[in-house]
Amino acid sequence: MHHIEVRDVTLVYDTPGGKVPGVSGVSFALEPSEFLCIVGPSGCGKTTLLNILAGFLAPAVGEIRIGGKAVTGHGLDRGIVFQDFAQLFPWRTALGNVAFGLEMKGVPKEEREAIALKQLELVKLGKFAHAYPHHLSGGMQQRVAIARALAYNPAVLLMDEPFAALDALTRDEMQRLLADVWQATGKTVIYVTHNVAEAVYLADRVIVMTPHPGTVKAEIRVDLPRPRDPLSVEFLEHQKALLRHLTEQAVPA
Amino acid sequence: MSPVRDVAAAADAAALAGAPPHSRAGGRARAVARAMFPFLVVGAIWELIAHSGLFPARLFPKLEEIGGALVSLTAQGILQHHALETVVRLLAGFGVAAVLGVAIGIAMGRSRRAEDVLLPLVSIGAPIPGLAYAPLFLLWFGLGDFGAIALVGFVSAFPIIINSWSGVKAVKEIWVRAAQAMGADDRRLFRHVILPGALPYILTGLRLGLAQAWRILVAVEMLAAVPWGLGWMIFGAREFLNTDVMLAGIAVIGAIGLALEKLVFERLENYTVVRWGMMTS
């Protein structure tokens with residue numbers, strides 16, 4: 001049995017201008033500890049798909065199973081990291097933010113703070129445990145968000161372009177850090193991005209989506225050894241293959 | 001406010017956790033001098049006019065006479081008594097408005113039905129000057145404390161309701177989603193996300209409500225025939241042309257207002273929304 005099974009997922013948005021297809025007939029499966037990237041241009045439904053996986057949206061057709069259990073809403077088996085830095089609670093310190101999920105679960109204060117501190121150390125922010133989010137840079141805030149999503153030990157990490165709003169240098173640093181965190185924790189990750197190089201750097205497998213309606217166009221396996229060298233020939237070849245799929249679709253059928 | 005760069009990870013994290021940098025003693029003295037300056041200018045102009053004989057001395061007292069009135073009224077215990085009665089009425093009326101206003105505002109922000117019913121009423125009631133209700137309240141609740149307190153509570157509730165309502169509306173969707181994803185049920189979502197998320201607006205509403213309460217209370221004390229109260233003291237002094245007493249009363253009203261602002265609201269804000277970066281000081 002697969003760890004995550006997405007079968008024939010379809011969702012249509014009801015807008016004042018009529019029905020707009022969000023995603024249509026999307027199917028794929030993941031093994032435990034697999035890192036999957038979903039790549040596509042804006043409007044291809046990748047964020048919609050992630051929101052369905054997170055349980056914020058219910059698909060009209062199809063189903064999602066995680067660990068054999070059908071997804072019917074949000075749950076603590078999934079941790080979520082959004083693109084927006086504002087996702088952190090400004091009224092809580094970094095530690096308070098990371099401990100939030102454990103607090104909701106009813107873990108006693110001392111225990112949850114010890115766990116939260118460990119998570120912050122994992123993303124190299126142990127020193128900033130007592131800083132409020134507005135004192136942290138964008139990259140640091142996103143690291144806190146990753147620690148927060150991992151703290152209550154979900155089986156799956158869902159990430160929606162978490163580094164898209166960062167400068168290029170910080171983004172590279174974040175990608176390296178995320179690859180390390182992923183290897184250290186062994187989580188199954190579904191990562192949405194429009195950045196091809198990022199997908200090749202991070203993913204075991206990349207799914208290419210096309211818009212109108214959002215469907216899976218291609219699936220590419222990235223079998224490069226880690227840590228990956230973004231300047232190696234193999235890396236660039238994978239990147240080119242992905243780009244080819246993405247540019248082909250730009251031409252109207 | 002500039003964010004700390006990642007590379008500055010070695011920086012002292014403890015310094016980031018709280019207290020603003022304290023100013024040096026010299027800077028503090030200069031700040032006090034700068035704050036005092038406008039008052040000194042106005043005081044000097046006041047003295048010039050008072051000494052010029054442009055107005056009858058009875059109607060335009062010198063600063064030393066106002067000061068003298070303050071001292072003698074305080075020495076006789078009269079001023080404290082007036083001030084205390086006023087502050088008690090203020091806190092009673094404002095306290096009721098704060099509790100009910102925040103509750104109603106949040107209910108309107110959370111429930112569509114409450115919003116549909118209450119928003120039109122609040123929107124119509126809010127811009128009506130509080131004093132317009134005063135005769136009505138005094139007829140309904142009688143002269144004296146109860147009518148005054150009821151009016152203060154009623155009038156100052158409006159800005160509190162409106163701001164609490166907008167505060168709940170302004171809570172970021174992404175906070176709600178993040179909290180729900182981490183297993184927060186409705187009750188804990190309210191306590192841990194909606195309430196702190198709406199706090200900057202709620203505090204602004206309370207601040208505006210208090211200012212409103214202050215204004216309406218001093219006015220209604222002139223009408224409600226209360227035996228004690230700063231508004232009444234000022235109003236009563238006009239019969240004997242005691243302009244020094246009137247101005248002393250005004251000065252005390254200003255001082256109490258400033259004290260509430262600095263000692264209560266500024267501290268509350270600095271401890272919460274300013275520390276969290278949700279509002280700049």
# chains A, B, ... in the order shown; residues from 1 in each chain; ligands from 1
>>> residues_around(residues="stretch 186-189 of chain B", least_positions_apart="6", cutoff="8 Å", atoms="only C-alpha atoms", output="PyMOL selection string")
(chain A and resi 104) or (chain B and resi 176+179-180)
>>> interface_residues(of="chain A", to="chain B", cutoff="10 Å", atoms="only C-alpha atoms", output="NGL selection string")
:A and (54-56 or 73-82 or 84-94 or 97 or 100-105 or 124-140 or 145 or 148-149 or 151-152 or 154 or 170)
>>> closest_residue(among="B:Thr86, B:Gln80, B:Asn242, B:Ser166", to="B:Ala148", atoms="only C-alpha atoms")
B:Thr86
>>> residues_around(residues="A:Ala116", least_positions_apart="2", cutoff="8 Å", atoms="only C-alpha atoms", output="list in words")
Leu95, Val98, Ala99, Arg112, Glu113, Ala114, Lys118, Gln119, Leu120, Ala147, Arg148 and Ala151 of chain A
>>> atom_distance(atom1="atom CA of B:Gly43", atom2="atom CA of B:Leu260")
23.6 Å
>>> closest_atom_pairs(of="stretch 6-105 of chain B", to="stretch 226-233 of chain B", cutoff="12 Å", atoms="only C-alpha atoms", output="JSON lines")
{"residue": "B:Leu73", "atom": "CA", "partner": "B:Met233", "partner_atom": "CA", "distance": 10.8}
{"residue": "B:Ile78", "atom": "CA", "partner": "B:Trp228", "partner_atom": "CA", "distance": 9.1}
{"residue": "B:Leu79", "atom": "CA", "partner": "B:Leu230", "partner_atom": "CA", "distance": 7.9}
{"residue": "B:Gln80", "atom": "CA", "partner": "B:Leu230", "partner_atom": "CA", "distance": 9.4}
{"residue": "B:His81", "atom": "CA", "partner": "B:Trp228", "partner_atom": "CA", "distance": 7.1}
{"residue": "B:His82", "atom": "CA", "partner": "B:Gly229", "partner_atom": "CA", "distance": 4.1}
{"residue": "B:Ala83", "atom": "CA", "partner": "B:Leu230", "partner_atom": "CA", "distance": 5.7}
{"residue": "B:Leu84", "atom": "CA", "partner": "B:Gly229", "partner_atom": "CA", "distance": 7.5}
{"residue": "B:Glu85", "atom": "CA", "partner": "B:Gly229", "partner_atom": "CA", "distance": 5.4}
{"residue": "B:Thr86", "atom": "CA", "partner": "B:Gly229", "partner_atom": "CA", "distance": 4.9}
{"residue": "B:Val87", "atom": "CA", "partner": "B:Gly229", "partner_atom": "CA", "distance": 8.5}
{"residue": "B:Val88", "atom": "CA", "partner": "B:Gly229", "partner_atom": "CA", "distance": 9.7}
{"residue": "B:Arg89", "atom": "CA", "partner": "B:Gly229", "partner_atom": "CA", "distance": 9.0}
{"residue": "B:Leu90", "atom": "CA", "partner": "B:Gly229", "partner_atom": "CA", "distance": 10.5}
>>> closest_residue(among="B:Val99, B:Leu258, B:Val155, B:Ala213", to="B:Gly125", atoms="only C-alpha atoms")
B:Val155
>>> select_by_dssp(residues="stretch 42-103 of chain A", states="strand (DSSP E)", output="PyMOL selection string")
chain A and resi 61-66+69-70+78-81
>>> select_by_dssp(residues="stretch 114-169 of chain A", states="helix (DSSP H, G or I)", output="compact mmCIF listing (two decimals) with C-alpha atoms, in the first residue's frame")
# COMPACT_ATOMS: atom_id res chain seq x y z
CA ALA A 114 11.59 21.01 25.05
CA ILE A 115 10.32 19.48 21.80
CA ALA A 116 9.84 22.92 20.24
CA LEU A 117 13.36 23.94 21.16
CA LYS A 118 14.73 20.81 19.56
CA GLN A 119 12.80 21.59 16.38
CA LEU A 120 14.14 25.14 16.36
CA GLU A 121 17.66 23.77 16.73
CA LEU A 122 17.00 21.51 13.76
CA GLY A 126 17.79 27.62 18.80
CA LYS A 127 19.25 31.01 19.76
CA PHE A 128 16.14 32.83 18.62
CA PRO A 133 8.48 36.90 14.57
CA HIS A 134 8.70 40.59 13.64
CA HIS A 135 12.30 40.61 14.83
CA GLY A 138 11.85 36.36 6.15
CA GLY A 139 14.13 33.34 5.88
CA MET A 140 14.18 32.88 9.63
CA GLN A 141 10.40 33.18 9.81
CA GLN A 142 10.01 30.46 7.20
CA ARG A 143 12.38 28.25 9.16
CA VAL A 144 10.23 28.76 12.25
CA ALA A 145 7.20 27.82 10.13
CA ILE A 146 8.94 24.59 9.07
CA ALA A 147 9.84 23.79 12.67
CA ARG A 148 6.24 24.53 13.68
CA ALA A 149 4.84 22.18 11.05
CA LEU A 150 7.23 19.41 12.14
CA ALA A 151 6.87 19.84 15.90
CA ALA A 168 17.90 34.15 -4.26
CA LEU A 169 20.80 33.69 -1.82
>>> residues_around(residues="B:Ile161", least_positions_apart="6", cutoff="10 Å", atoms="only C-alpha atoms", output="VMD selection string")
chain B and resid 97 to 109 118 to 119 122 126 167 202 205 to 206 209
>>> write_last_selection(atoms="N, CA and C atoms", output="short mmCIF file (atom, residue, chain, number, x, y, z; two decimals), in the first residue's frame")
data_model
loop_
_atom_site.label_atom_id
_atom_site.label_comp_id
_atom_site.auth_asym_id
_atom_site.auth_seq_id
_atom_site.Cartn_x
_atom_site.Cartn_y
_atom_site.Cartn_z
N ALA B 97 -19.15 49.63 29.41
CA ALA B 97 -19.03 49.76 27.96
C ALA B 97 -17.94 48.84 27.43
N ALA B 98 -16.82 48.73 28.16
CA ALA B 98 -15.71 47.91 27.70
C ALA B 98 -16.13 46.44 27.62
N VAL B 99 -16.74 45.96 28.70
CA VAL B 99 -17.11 44.54 28.74
C VAL B 99 -18.18 44.23 27.68
N LEU B 100 -19.25 45.02 27.69
CA LEU B 100 -20.33 44.75 26.73
C LEU B 100 -19.89 45.06 25.30
N GLY B 101 -19.16 46.16 25.13
CA GLY B 101 -18.75 46.57 23.78
C GLY B 101 -17.85 45.54 23.11
N VAL B 102 -16.86 45.05 23.85
CA VAL B 102 -15.97 44.05 23.26
C VAL B 102 -16.77 42.78 22.95
N ALA B 103 -17.63 42.39 23.88
CA ALA B 103 -18.42 41.17 23.67
C ALA B 103 -19.33 41.31 22.44
N ILE B 104 -20.01 42.43 22.34
CA ILE B 104 -20.93 42.62 21.20
C ILE B 104 -20.14 42.71 19.90
N GLY B 105 -19.03 43.48 19.92
CA GLY B 105 -18.22 43.63 18.71
C GLY B 105 -17.69 42.29 18.21
N ILE B 106 -17.20 41.48 19.14
CA ILE B 106 -16.67 40.17 18.74
C ILE B 106 -17.79 39.28 18.22
N ALA B 107 -18.93 39.33 18.89
CA ALA B 107 -20.07 38.52 18.42
C ALA B 107 -20.44 38.92 16.99
N MET B 108 -20.42 40.24 16.72
CA MET B 108 -20.74 40.70 15.36
C MET B 108 -19.69 40.23 14.35
N GLY B 109 -18.45 40.16 14.80
CA GLY B 109 -17.39 39.73 13.89
C GLY B 109 -17.44 38.24 13.61
N LEU B 118 -27.12 43.76 14.15
CA LEU B 118 -26.57 44.84 14.97
C LEU B 118 -25.87 45.93 14.18
N LEU B 119 -25.25 45.56 13.06
CA LEU B 119 -24.44 46.55 12.35
C LEU B 119 -25.24 47.80 11.94
N VAL B 122 -25.77 49.89 15.08
CA VAL B 122 -24.54 50.53 15.56
C VAL B 122 -24.12 51.64 14.60
N ALA B 126 -23.72 55.32 16.21
CA ALA B 126 -22.37 55.81 16.48
C ALA B 126 -22.16 57.29 16.17
N GLY B 167 -11.78 44.44 14.25
CA GLY B 167 -10.62 43.67 14.63
C GLY B 167 -10.79 42.19 14.31
N ILE B 202 -9.02 46.16 19.18
CA ILE B 202 -9.78 46.23 20.43
C ILE B 202 -9.19 47.32 21.33
N GLY B 205 -10.13 50.64 20.08
CA GLY B 205 -11.53 50.88 20.41
C GLY B 205 -11.69 51.31 21.86
N LEU B 206 -10.96 50.65 22.76
CA LEU B 206 -11.07 51.00 24.19
C LEU B 206 -10.55 52.41 24.43
N GLY B 209 -13.06 54.76 23.15
CA GLY B 209 -14.21 54.69 24.05
C GLY B 209 -13.98 55.48 25.32
#
>>> atom_distance(atom1="atom CA of A:Pro41", atom2="atom CA of A:Pro21")
15.3 Å
>>> atom_distance(atom1="atom CA of B:Gly93", atom2="atom CA of B:Leu151")
7.6 Å
>>> decode(residues="stretch 170-184 of chain A", atoms="all heavy atoms", output="mmCIF file, in the first residue's frame")
data_model
loop_
_atom_site.group_PDB
_atom_site.id
_atom_site.type_symbol
_atom_site.label_atom_id
_atom_site.label_comp_id
_atom_site.auth_asym_id
_atom_site.auth_seq_id
_atom_site.Cartn_x
_atom_site.Cartn_y
_atom_site.Cartn_z
ATOM 1 N N THR A 170 19.224 33.632 0.007
ATOM 2 C CA THR A 170 18.557 33.018 1.157
ATOM 3 C C THR A 170 17.816 31.765 0.711
ATOM 4 O O THR A 170 17.802 30.756 1.413
ATOM 5 C CB THR A 170 17.559 34.016 1.787
ATOM 6 O OG1 THR A 170 18.227 35.253 1.970
ATOM 7 C CG2 THR A 170 17.055 33.519 3.109
ATOM 8 N N ARG A 171 17.229 31.829 -0.487
ATOM 9 C CA ARG A 171 16.479 30.677 -0.985
ATOM 10 C C ARG A 171 17.389 29.458 -1.129
ATOM 11 O O ARG A 171 17.031 28.361 -0.710
ATOM 12 C CB ARG A 171 15.822 31.022 -2.329
ATOM 13 C CG ARG A 171 14.876 29.956 -2.823
ATOM 14 C CD ARG A 171 13.914 30.493 -3.840
ATOM 15 N NE ARG A 171 14.606 31.112 -4.957
ATOM 16 C CZ ARG A 171 14.318 32.314 -5.449
ATOM 17 N NH1 ARG A 171 13.340 33.012 -4.937
ATOM 18 N NH2 ARG A 171 14.991 32.808 -6.453
ATOM 19 N N ASP A 172 18.585 29.658 -1.691
ATOM 20 C CA ASP A 172 19.541 28.550 -1.832
ATOM 21 C C ASP A 172 19.864 27.940 -0.472
ATOM 22 O O ASP A 172 19.894 26.725 -0.305
ATOM 23 C CB ASP A 172 20.839 29.046 -2.477
ATOM 24 C CG ASP A 172 20.639 29.389 -3.946
ATOM 25 O OD1 ASP A 172 19.557 29.047 -4.479
ATOM 26 O OD2 ASP A 172 21.550 29.994 -4.541
ATOM 27 N N GLU A 173 20.077 28.814 0.500
ATOM 28 C CA GLU A 173 20.418 28.373 1.839
ATOM 29 C C GLU A 173 19.267 27.547 2.434
ATOM 30 O O GLU A 173 19.470 26.512 3.053
ATOM 31 C CB GLU A 173 20.621 29.640 2.667
ATOM 32 C CG GLU A 173 21.645 29.561 3.751
ATOM 33 C CD GLU A 173 21.712 30.907 4.460
ATOM 34 O OE1 GLU A 173 22.041 31.909 3.771
ATOM 35 O OE2 GLU A 173 21.401 30.966 5.650
ATOM 36 N N MET A 174 18.036 28.046 2.200
ATOM 37 C CA MET A 174 16.839 27.374 2.719
ATOM 38 C C MET A 174 16.673 25.996 2.088
ATOM 39 O O MET A 174 16.277 25.041 2.758
ATOM 40 C CB MET A 174 15.587 28.189 2.384
ATOM 41 C CG MET A 174 15.479 29.487 3.107
ATOM 42 S SD MET A 174 15.195 29.215 4.835
ATOM 43 C CE MET A 174 16.462 30.197 5.460
ATOM 44 N N GLN A 175 16.965 25.921 0.788
ATOM 45 C CA GLN A 175 16.806 24.631 0.109
ATOM 46 C C GLN A 175 17.773 23.603 0.682
ATOM 47 O O GLN A 175 17.407 22.448 0.915
ATOM 48 C CB GLN A 175 17.040 24.806 -1.397
ATOM 49 C CG GLN A 175 15.895 25.537 -2.075
ATOM 50 C CD GLN A 175 16.272 26.042 -3.451
ATOM 51 O OE1 GLN A 175 17.361 25.784 -3.955
ATOM 52 N NE2 GLN A 175 15.364 26.784 -4.064
ATOM 53 N N ARG A 176 19.016 24.035 0.913
ATOM 54 C CA ARG A 176 19.992 23.117 1.521
ATOM 55 C C ARG A 176 19.504 22.677 2.895
ATOM 56 O O ARG A 176 19.536 21.491 3.236
ATOM 57 C CB ARG A 176 21.351 23.811 1.646
ATOM 58 C CG ARG A 176 22.154 23.798 0.350
ATOM 59 C CD ARG A 176 23.620 24.146 0.610
ATOM 60 N NE ARG A 176 23.814 25.506 1.091
ATOM 61 C CZ ARG A 176 23.874 26.574 0.284
ATOM 62 N NH1 ARG A 176 23.768 26.440 -1.024
ATOM 63 N NH2 ARG A 176 24.046 27.778 0.799
ATOM 64 N N LEU A 177 19.018 23.652 3.662
ATOM 65 C CA LEU A 177 18.550 23.351 5.015
ATOM 66 C C LEU A 177 17.366 22.384 4.991
ATOM 67 O O LEU A 177 17.306 21.421 5.748
ATOM 68 C CB LEU A 177 18.147 24.650 5.717
ATOM 69 C CG LEU A 177 17.715 24.484 7.165
ATOM 70 C CD1 LEU A 177 18.823 24.955 8.099
ATOM 71 C CD2 LEU A 177 16.447 25.246 7.455
ATOM 72 N N LEU A 178 16.444 22.625 4.057
ATOM 73 C CA LEU A 178 15.262 21.763 3.973
ATOM 74 C C LEU A 178 15.665 20.339 3.591
ATOM 75 O O LEU A 178 15.140 19.368 4.146
ATOM 76 C CB LEU A 178 14.256 22.323 2.958
ATOM 77 C CG LEU A 178 13.014 21.463 2.749
ATOM 78 C CD1 LEU A 178 12.206 21.346 4.034
ATOM 79 C CD2 LEU A 178 12.128 22.023 1.636
ATOM 80 N N ALA A 179 16.622 20.226 2.649
ATOM 81 C CA ALA A 179 17.084 18.893 2.254
ATOM 82 C C ALA A 179 17.666 18.160 3.467
ATOM 83 O O ALA A 179 17.405 16.966 3.671
ATOM 84 C CB ALA A 179 18.129 19.009 1.137
ATOM 85 N N ASP A 180 18.428 18.888 4.296
ATOM 86 C CA ASP A 180 18.998 18.282 5.507
ATOM 87 C C ASP A 180 17.895 17.866 6.482
ATOM 88 O O ASP A 180 17.929 16.771 7.031
ATOM 89 C CB ASP A 180 19.926 19.286 6.217
ATOM 90 C CG ASP A 180 21.198 19.532 5.422
ATOM 91 O OD1 ASP A 180 21.466 18.755 4.474
ATOM 92 O OD2 ASP A 180 21.913 20.509 5.739
ATOM 93 N N VAL A 181 16.940 18.781 6.686
ATOM 94 C CA VAL A 181 15.853 18.505 7.626
ATOM 95 C C VAL A 181 15.060 17.285 7.163
ATOM 96 O O VAL A 181 14.706 16.410 7.953
ATOM 97 C CB VAL A 181 14.924 19.735 7.765
ATOM 98 C CG1 VAL A 181 13.633 19.375 8.486
ATOM 99 C CG2 VAL A 181 15.646 20.862 8.508
ATOM 100 N N TRP A 182 14.816 17.231 5.863
ATOM 101 C CA TRP A 182 14.060 16.109 5.320
ATOM 102 C C TRP A 182 14.810 14.806 5.561
ATOM 103 O O TRP A 182 14.216 13.804 5.973
ATOM 104 C CB TRP A 182 13.836 16.344 3.818
ATOM 105 C CG TRP A 182 13.270 15.155 3.107
ATOM 106 C CD1 TRP A 182 12.027 14.622 3.255
ATOM 107 C CD2 TRP A 182 13.943 14.341 2.148
ATOM 108 N NE1 TRP A 182 11.863 13.534 2.440
ATOM 109 C CE2 TRP A 182 13.032 13.344 1.744
ATOM 110 C CE3 TRP A 182 15.217 14.369 1.583
ATOM 111 C CZ2 TRP A 182 13.382 12.374 0.789
ATOM 112 C CZ3 TRP A 182 15.552 13.418 0.632
ATOM 113 C CH2 TRP A 182 14.636 12.430 0.250
ATOM 114 N N GLN A 183 16.125 14.821 5.321
ATOM 115 C CA GLN A 183 16.878 13.589 5.524
ATOM 116 C C GLN A 183 16.956 13.213 6.994
ATOM 117 O O GLN A 183 16.956 12.033 7.333
ATOM 118 C CB GLN A 183 18.277 13.727 4.906
ATOM 119 C CG GLN A 183 18.169 13.521 3.390
ATOM 120 C CD GLN A 183 19.499 13.571 2.678
ATOM 121 O OE1 GLN A 183 20.361 14.371 3.021
ATOM 122 N NE2 GLN A 183 19.655 12.734 1.667
ATOM 123 N N ALA A 184 16.981 14.226 7.855
ATOM 124 C CA ALA A 184 17.064 13.945 9.290
ATOM 125 C C ALA A 184 15.746 13.407 9.838
ATOM 126 O O ALA A 184 15.737 12.616 10.778
ATOM 127 C CB ALA A 184 17.462 15.210 10.045
#
